[in-house]
Amino acid sequence: MKVGIPKEIKNNESRVGMTPGGVFELVKNNHIVYVQSNAGESSGFFNKDYQQAGAIILDSIAEVYSMSEMIVKVKEPIAEEYDLIQEGQILFTYFHFASSEVLTKVMMKAKAICIAYETVEDEEGTLPLLTPMSEVAGRLAIQQGAKYLEKPVKGRGVLLGGVPGVAPGKVLVLGAGVVGIQAAKMAAGLGAHVTIMDINMKRLRYVNDVMPPHVVTEFSNEYNIRKHIKTHDLIIGGVLLKGAKAPNLIKRDMLKEMRPGTVIIDVAVDQGGCVETTRPTTHEDPVYIIDDVVHYSVANMPGAVPCTSTMALTNVTLPYTLKLANLGWEVACEKDASLKKGLSIISGQIVYEEIREAFGWEKEVV
């Protein structure tokens, strides 16, 4: 199969769809890999690295799309790429369709085969291709939160770890999934007091067992959330509903109950965000302020640490990429139930029902 790795062109997206090591494995399996010139440069992988792995370097993104049967990316295609997508072409990437009706309609019109990283699901119900980026984003959320709590960037002026004689900062984590647990781990490591909330008691028991005593658990409901937002300095939104829009756990009116300079990091922004006032931002302009509350909602947080992120992503996507290339998407998805759950849109038809539900569409809508 001819596999294309284009350069990501979304604002400040520095990751790349595959490392040279991944390319080497595809070439070893007798596939042809096209890599756009300088696609991996921001992640620390250069043209010569890809060439040594057996890739063919192409000058433009248009060439990569036109010559490839399968495109392996990191982020969803953006407007500049829409006309490059060919009918029947496999696109294997993060899509997050439920948060973009425009993207969904464009991909239906293109009649491509859209396989979404974020809905590939294993037998245990976990999301193996989302997990490493959720790990990065959860840890990064605390780094960014600690920074934006500083007064020069309009935060409360709180040091998360405190100092002797001064209480540490307080972090509220919504969701005890991968993002939430990684965020709690990082915040606890800094010495902050952490409250982690979820509706899944099994997850809360797990957190209670593995975290230090200054990480406390509480059942998530609106009453408890309203109680804690008044006293916590940093709020991490890490709630995920597989393939669907995230629930709004923090409403607009709740911002007025927070102290000025409180920071919200909404990691769920890709799925619409779990804060009503969330809107996607970029690494170039990451924050905005509403009612004196600092909002950070960068839609590609792991793109800030592309060297780590690209390697972590290729580690998990490569086995599936090899299956798609070796067997073709139909046979690969028939033989691998996990990969089949990644199928979102096939030749203009939505096959992942949560996408329809997100927009309230009936089945006959195209």
# chains A, B, ... in the order shown; residues from 1 in each chain; ligands from 1
>>> select_by_dssp(residues="range 96-137 of chain A", states="strand (DSSP E)", output="list in words")
Ile113, Cys114, Ile115 and Ala116 of chain A
>>> residues_around(residues="range 137-139 of chain A", least_positions_apart="5", cutoff="9 Å", atoms="only C-alpha atoms", output="list in words")
Pro132, Val178, Val179, Gly180, Ile181, Gln182, Ala183, Ala184, Lys185, Met186, Ala187, Ile236, Gly238, Val267, Asn300, Met301 and Pro302 of chain A
>>> atom_distance(atom1="CA of Gln51 in chain A", atom2="CA of Leu339 in chain A")
29.0 Å
>>> residues_around(residues="Gly175 in chain A", least_positions_apart="6", cutoff="8 Å", atoms="only C-alpha atoms", output="list in words")
Ile196, Met197, Asp198, Gly237, Gly238, Val239 and Leu240 of chain A
>>> write_last_selection(atoms="N, CA, C and O atoms", output="short mmCIF file (atom, residue, chain, number, x, y, z; two decimals), in the first residue's frame")
data_model
loop_
_atom_site.label_atom_id
_atom_site.label_comp_id
_atom_site.auth_asym_id
_atom_site.auth_seq_id
_atom_site.Cartn_x
_atom_site.Cartn_y
_atom_site.Cartn_z
N ILE A 196 -10.31 14.86 43.34
CA ILE A 196 -10.64 14.27 42.04
C ILE A 196 -12.06 13.71 42.11
O ILE A 196 -12.41 13.01 43.06
N MET A 197 -12.88 14.06 41.12
CA MET A 197 -14.30 13.73 41.14
C MET A 197 -14.68 12.88 39.94
O MET A 197 -14.17 13.08 38.84
N ASP A 198 -15.60 11.95 40.15
CA ASP A 198 -16.10 11.09 39.07
C ASP A 198 -17.42 10.49 39.53
O ASP A 198 -17.73 10.51 40.73
N GLY A 237 -10.54 19.99 33.55
CA GLY A 237 -11.67 19.28 32.95
C GLY A 237 -11.16 18.09 32.14
O GLY A 237 -10.53 18.28 31.10
N GLY A 238 -11.42 16.89 32.63
CA GLY A 238 -10.90 15.70 31.96
C GLY A 238 -11.95 14.64 31.71
O GLY A 238 -11.65 13.45 31.78
N VAL A 239 -13.18 15.07 31.45
CA VAL A 239 -14.28 14.12 31.27
C VAL A 239 -14.40 13.74 29.79
O VAL A 239 -14.40 14.61 28.92
N LEU A 240 -14.51 12.44 29.52
CA LEU A 240 -14.63 11.96 28.14
C LEU A 240 -15.80 11.00 28.02
O LEU A 240 -15.97 10.10 28.85
#
>>> atom_distance(atom1="CA of Glu25 in chain A", atom2="CA of Phe46 in chain A")
17.4 Å
>>> select_by_dssp(residues="range 24-231 of chain A", states="alpha helix (DSSP H)", output="PyMOL selection string")
chain A and resi 24-28+47-52+61-67+79-82+101-110+131-148+178-190+201-210+222-229
>>> closest_residue(among="A:Pro6, A:Gly261, A:Gly125, A:Gly17", to="Lys154 in chain A", atoms="only C-alpha atoms")
A:Gly261
>>> residues_around(residues="Ala304 in chain A", least_positions_apart="3", cutoff="10 Å", atoms="only C-alpha atoms", output="ChimeraX atom specification")
/A:12-15,43,136-137,140,283,298,300-301,307-309
>>> write_last_selection(atoms="C-alpha atoms", output="mmCIF file, in the first residue's frame")
data_model
loop_
_atom_site.group_PDB
_atom_site.id
_atom_site.type_symbol
_atom_site.label_atom_id
_atom_site.label_comp_id
_atom_site.auth_asym_id
_atom_site.auth_seq_id
_atom_site.Cartn_x
_atom_site.Cartn_y
_atom_site.Cartn_z
ATOM 1 C CA ASN A 12 1.146 25.270 16.170
ATOM 2 C CA GLU A 13 0.750 21.519 15.641
ATOM 3 C CA SER A 14 4.312 20.254 15.796
ATOM 4 C CA ARG A 15 3.660 16.520 15.959
ATOM 5 C CA SER A 43 9.390 16.646 16.450
ATOM 6 C CA VAL A 136 0.584 13.700 27.941
ATOM 7 C CA ALA A 137 -2.339 16.143 28.163
ATOM 8 C CA LEU A 140 0.795 18.954 30.751
ATOM 9 C CA HIS A 283 -0.598 27.434 21.523
ATOM 10 C CA VAL A 298 -5.777 24.486 23.555
ATOM 11 C CA ASN A 300 -3.894 20.060 20.671
ATOM 12 C CA MET A 301 -2.124 20.263 24.002
ATOM 13 C CA CYS A 307 9.111 14.902 20.472
ATOM 14 C CA THR A 308 7.555 12.985 23.365
ATOM 15 C CA SER A 309 4.074 12.955 21.836
#
>>> residues_around(residues="Cys333 in chain A", least_positions_apart="2", cutoff="10 Å", atoms="only C-alpha atoms", output="PyMOL selection string")
chain A and resi 115+320+323-324+327-331+335-343
>>> closest_residue(among="A:Ser220, A:Thr282, A:Thr195, A:Thr314", to="Asn208 in chain A", atoms="only C-alpha atoms")
A:Thr195
>>> atom_distance(atom1="CA of Pro152 in chain A", atom2="CA of Gly169 in chain A")
17.3 Å
>>> residues_around(residues="Gly272 in chain A", least_positions_apart="5", cutoff="9 Å", atoms="only C-alpha atoms", output="ChimeraX atom specification")
/A:98-100,244-248,278-280
>>> write_last_selection(atoms="N, CA, C and O atoms", output="CSV table (one decimal), in the first residue's frame")
chain,number,residue,atom,x,y,z
A,98,ALA,N,-17.6,14.6,16.7
A,98,ALA,CA,-18.8,15.1,17.5
A,98,ALA,C,-18.7,16.6,17.9
A,98,ALA,O,-19.7,17.2,18.2
A,99,SER,N,-17.5,17.1,17.8
A,99,SER,CA,-17.3,18.6,18.1
A,99,SER,C,-17.3,19.5,16.8
A,99,SER,O,-17.2,20.7,16.9
A,100,SER,N,-17.5,18.9,15.6
A,100,SER,CA,-17.4,19.7,14.4
A,100,SER,C,-18.4,19.1,13.4
A,100,SER,O,-18.1,18.2,12.7
A,244,ALA,N,-18.4,10.9,21.7
A,244,ALA,CA,-19.6,11.9,21.9
A,244,ALA,C,-19.1,13.2,22.4
A,244,ALA,O,-18.0,13.4,22.9
A,245,LYS,N,-20.0,14.2,22.5
A,245,LYS,CA,-19.7,15.5,23.0
A,245,LYS,C,-19.6,15.4,24.5
A,245,LYS,O,-20.4,14.7,25.2
A,246,ALA,N,-18.6,16.1,25.1
A,246,ALA,CA,-18.4,16.1,26.5
A,246,ALA,C,-19.6,16.8,27.2
A,246,ALA,O,-20.1,17.8,26.7
A,247,PRO,N,-19.9,16.4,28.4
A,247,PRO,CA,-21.0,17.1,29.2
A,247,PRO,C,-20.5,18.4,29.8
A,247,PRO,O,-19.3,18.5,30.2
A,248,ASN,N,-21.3,19.4,29.8
A,248,ASN,CA,-21.0,20.7,30.4
A,248,ASN,C,-21.2,20.6,31.9
A,248,ASN,O,-22.3,20.7,32.5
A,278,THR,N,-16.1,27.1,27.4
A,278,THR,CA,-14.9,26.7,26.6
A,278,THR,C,-15.0,27.0,25.2
A,278,THR,O,-16.1,26.7,24.6
A,279,ARG,N,-14.0,27.5,24.6
A,279,ARG,CA,-13.9,27.6,23.1
A,279,ARG,C,-12.4,27.2,22.7
A,279,ARG,O,-11.5,27.5,23.5
A,280,PRO,N,-12.2,26.5,21.6
A,280,PRO,CA,-10.9,26.1,21.3
A,280,PRO,C,-9.9,27.2,21.1
A,280,PRO,O,-10.2,28.3,20.5
>>> residues_around(residues="Val33 in chain A", least_positions_apart="6", cutoff="7 Å", atoms="only C-alpha atoms", output="MDAnalysis selection string")
chainID A and resid 2:4 23 27 55:56
>>> decode(residues="range 233-254 of chain A", atoms="N, CA, C and O atoms", output="PDB file, in the first residue's frame")
ATOM      1  N   ASP A 233      -8.053  26.498  43.326  1.00  0.00           N
ATOM      2  CA  ASP A 233      -7.320  27.469  42.505  1.00  0.00           C
ATOM      3  C   ASP A 233      -7.239  27.054  41.043  1.00  0.00           C
ATOM      4  O   ASP A 233      -7.259  27.894  40.143  1.00  0.00           O
ATOM      5  N   LEU A 234      -7.125  25.766  40.808  1.00  0.00           N
ATOM      6  CA  LEU A 234      -6.938  25.226  39.454  1.00  0.00           C
ATOM      7  C   LEU A 234      -7.962  24.117  39.228  1.00  0.00           C
ATOM      8  O   LEU A 234      -8.099  23.217  40.063  1.00  0.00           O
ATOM      9  N   ILE A 235      -8.691  24.212  38.119  1.00  0.00           N
ATOM     10  CA  ILE A 235      -9.706  23.216  37.790  1.00  0.00           C
ATOM     11  C   ILE A 235      -9.327  22.537  36.476  1.00  0.00           C
ATOM     12  O   ILE A 235      -9.099  23.217  35.473  1.00  0.00           O
ATOM     13  N   ILE A 236      -9.246  21.226  36.486  1.00  0.00           N
ATOM     14  CA  ILE A 236      -8.897  20.447  35.290  1.00  0.00           C
ATOM     15  C   ILE A 236     -10.147  19.723  34.797  1.00  0.00           C
ATOM     16  O   ILE A 236     -10.746  18.933  35.536  1.00  0.00           O
ATOM     17  N   GLY A 237     -10.542  19.986  33.549  1.00  0.00           N
ATOM     18  CA  GLY A 237     -11.667  19.276  32.946  1.00  0.00           C
ATOM     19  C   GLY A 237     -11.159  18.094  32.143  1.00  0.00           C
ATOM     20  O   GLY A 237     -10.532  18.278  31.097  1.00  0.00           O
ATOM     21  N   GLY A 238     -11.420  16.888  32.631  1.00  0.00           N
ATOM     22  CA  GLY A 238     -10.896  15.701  31.956  1.00  0.00           C
ATOM     23  C   GLY A 238     -11.948  14.639  31.713  1.00  0.00           C
ATOM     24  O   GLY A 238     -11.654  13.445  31.778  1.00  0.00           O
ATOM     25  N   VAL A 239     -13.183  15.072  31.454  1.00  0.00           N
ATOM     26  CA  VAL A 239     -14.278  14.124  31.267  1.00  0.00           C
ATOM     27  C   VAL A 239     -14.396  13.739  29.792  1.00  0.00           C
ATOM     28  O   VAL A 239     -14.399  14.612  28.920  1.00  0.00           O
ATOM     29  N   LEU A 240     -14.508  12.442  29.515  1.00  0.00           N
ATOM     30  CA  LEU A 240     -14.626  11.961  28.144  1.00  0.00           C
ATOM     31  C   LEU A 240     -15.797  11.000  28.021  1.00  0.00           C
ATOM     32  O   LEU A 240     -15.967  10.100  28.846  1.00  0.00           O
ATOM     33  N   LEU A 241     -16.623  11.213  27.006  1.00  0.00           N
ATOM     34  CA  LEU A 241     -17.632  10.240  26.603  1.00  0.00           C
ATOM     35  C   LEU A 241     -17.202   9.733  25.238  1.00  0.00           C
ATOM     36  O   LEU A 241     -17.040  10.525  24.310  1.00  0.00           O
ATOM     37  N   LYS A 242     -16.988   8.453  25.089  1.00  0.00           N
ATOM     38  CA  LYS A 242     -16.399   7.882  23.875  1.00  0.00           C
ATOM     39  C   LYS A 242     -17.121   8.337  22.614  1.00  0.00           C
ATOM     40  O   LYS A 242     -18.289   8.031  22.409  1.00  0.00           O
ATOM     41  N   GLY A 243     -16.409   9.082  21.792  1.00  0.00           N
ATOM     42  CA  GLY A 243     -16.927   9.485  20.495  1.00  0.00           C
ATOM     43  C   GLY A 243     -18.043  10.502  20.540  1.00  0.00           C
ATOM     44  O   GLY A 243     -18.582  10.885  19.505  1.00  0.00           O
ATOM     45  N   ALA A 244     -18.431  10.950  21.719  1.00  0.00           N
ATOM     46  CA  ALA A 244     -19.566  11.866  21.853  1.00  0.00           C
ATOM     47  C   ALA A 244     -19.112  13.196  22.442  1.00  0.00           C
ATOM     48  O   ALA A 244     -17.979  13.353  22.891  1.00  0.00           O
ATOM     49  N   LYS A 245     -20.027  14.160  22.456  1.00  0.00           N
ATOM     50  CA  LYS A 245     -19.726  15.474  22.998  1.00  0.00           C
ATOM     51  C   LYS A 245     -19.594  15.385  24.516  1.00  0.00           C
ATOM     52  O   LYS A 245     -20.358  14.668  25.171  1.00  0.00           O
ATOM     53  N   ALA A 246     -18.626  16.096  25.059  1.00  0.00           N
ATOM     54  CA  ALA A 246     -18.420  16.088  26.508  1.00  0.00           C
ATOM     55  C   ALA A 246     -19.572  16.818  27.204  1.00  0.00           C
ATOM     56  O   ALA A 246     -20.128  17.778  26.663  1.00  0.00           O
ATOM     57  N   PRO A 247     -19.932  16.388  28.416  1.00  0.00           N
ATOM     58  CA  PRO A 247     -20.993  17.080  29.157  1.00  0.00           C
ATOM     59  C   PRO A 247     -20.490  18.391  29.755  1.00  0.00           C
ATOM     60  O   PRO A 247     -19.327  18.479  30.168  1.00  0.00           O
ATOM     61  N   ASN A 248     -21.344  19.395  29.802  1.00  0.00           N
ATOM     62  CA  ASN A 248     -20.977  20.676  30.442  1.00  0.00           C
ATOM     63  C   ASN A 248     -21.195  20.565  31.946  1.00  0.00           C
ATOM     64  O   ASN A 248     -22.309  20.717  32.450  1.00  0.00           O
ATOM     65  N   LEU A 249     -20.127  20.311  32.667  1.00  0.00           N
ATOM     66  CA  LEU A 249     -20.223  20.168  34.119  1.00  0.00           C
ATOM     67  C   LEU A 249     -20.122  21.501  34.833  1.00  0.00           C
ATOM     68  O   LEU A 249     -20.605  21.648  35.955  1.00  0.00           O
ATOM     69  N   ILE A 250     -19.470  22.467  34.186  1.00  0.00           N
ATOM     70  CA  ILE A 250     -19.369  23.811  34.763  1.00  0.00           C
ATOM     71  C   ILE A 250     -20.133  24.769  33.858  1.00  0.00           C
ATOM     72  O   ILE A 250     -19.774  24.962  32.697  1.00  0.00           O
ATOM     73  N   LYS A 251     -21.195  25.343  34.397  1.00  0.00           N
ATOM     74  CA  LYS A 251     -22.052  26.254  33.635  1.00  0.00           C
ATOM     75  C   LYS A 251     -21.515  27.678  33.716  1.00  0.00           C
ATOM     76  O   LYS A 251     -20.737  28.023  34.611  1.00  0.00           O
ATOM     77  N   ARG A 252     -21.981  28.512  32.808  1.00  0.00           N
ATOM     78  CA  ARG A 252     -21.528  29.899  32.747  1.00  0.00           C
ATOM     79  C   ARG A 252     -21.726  30.619  34.085  1.00  0.00           C
ATOM     80  O   ARG A 252     -20.852  31.335  34.563  1.00  0.00           O
ATOM     81  N   ASP A 253     -22.888  30.426  34.713  1.00  0.00           N
ATOM     82  CA  ASP A 253     -23.171  31.150  35.960  1.00  0.00           C
ATOM     83  C   ASP A 253     -22.243  30.753  37.096  1.00  0.00           C
ATOM     84  O   ASP A 253     -22.070  31.495  38.064  1.00  0.00           O
ATOM     85  N   MET A 254     -21.621  29.573  36.992  1.00  0.00           N
ATOM     86  CA  MET A 254     -20.740  29.087  38.055  1.00  0.00           C
ATOM     87  C   MET A 254     -19.418  29.846  38.115  1.00  0.00           C
ATOM     88  O   MET A 254     -18.734  29.837  39.141  1.00  0.00           O
TER      89      MET A 254
END
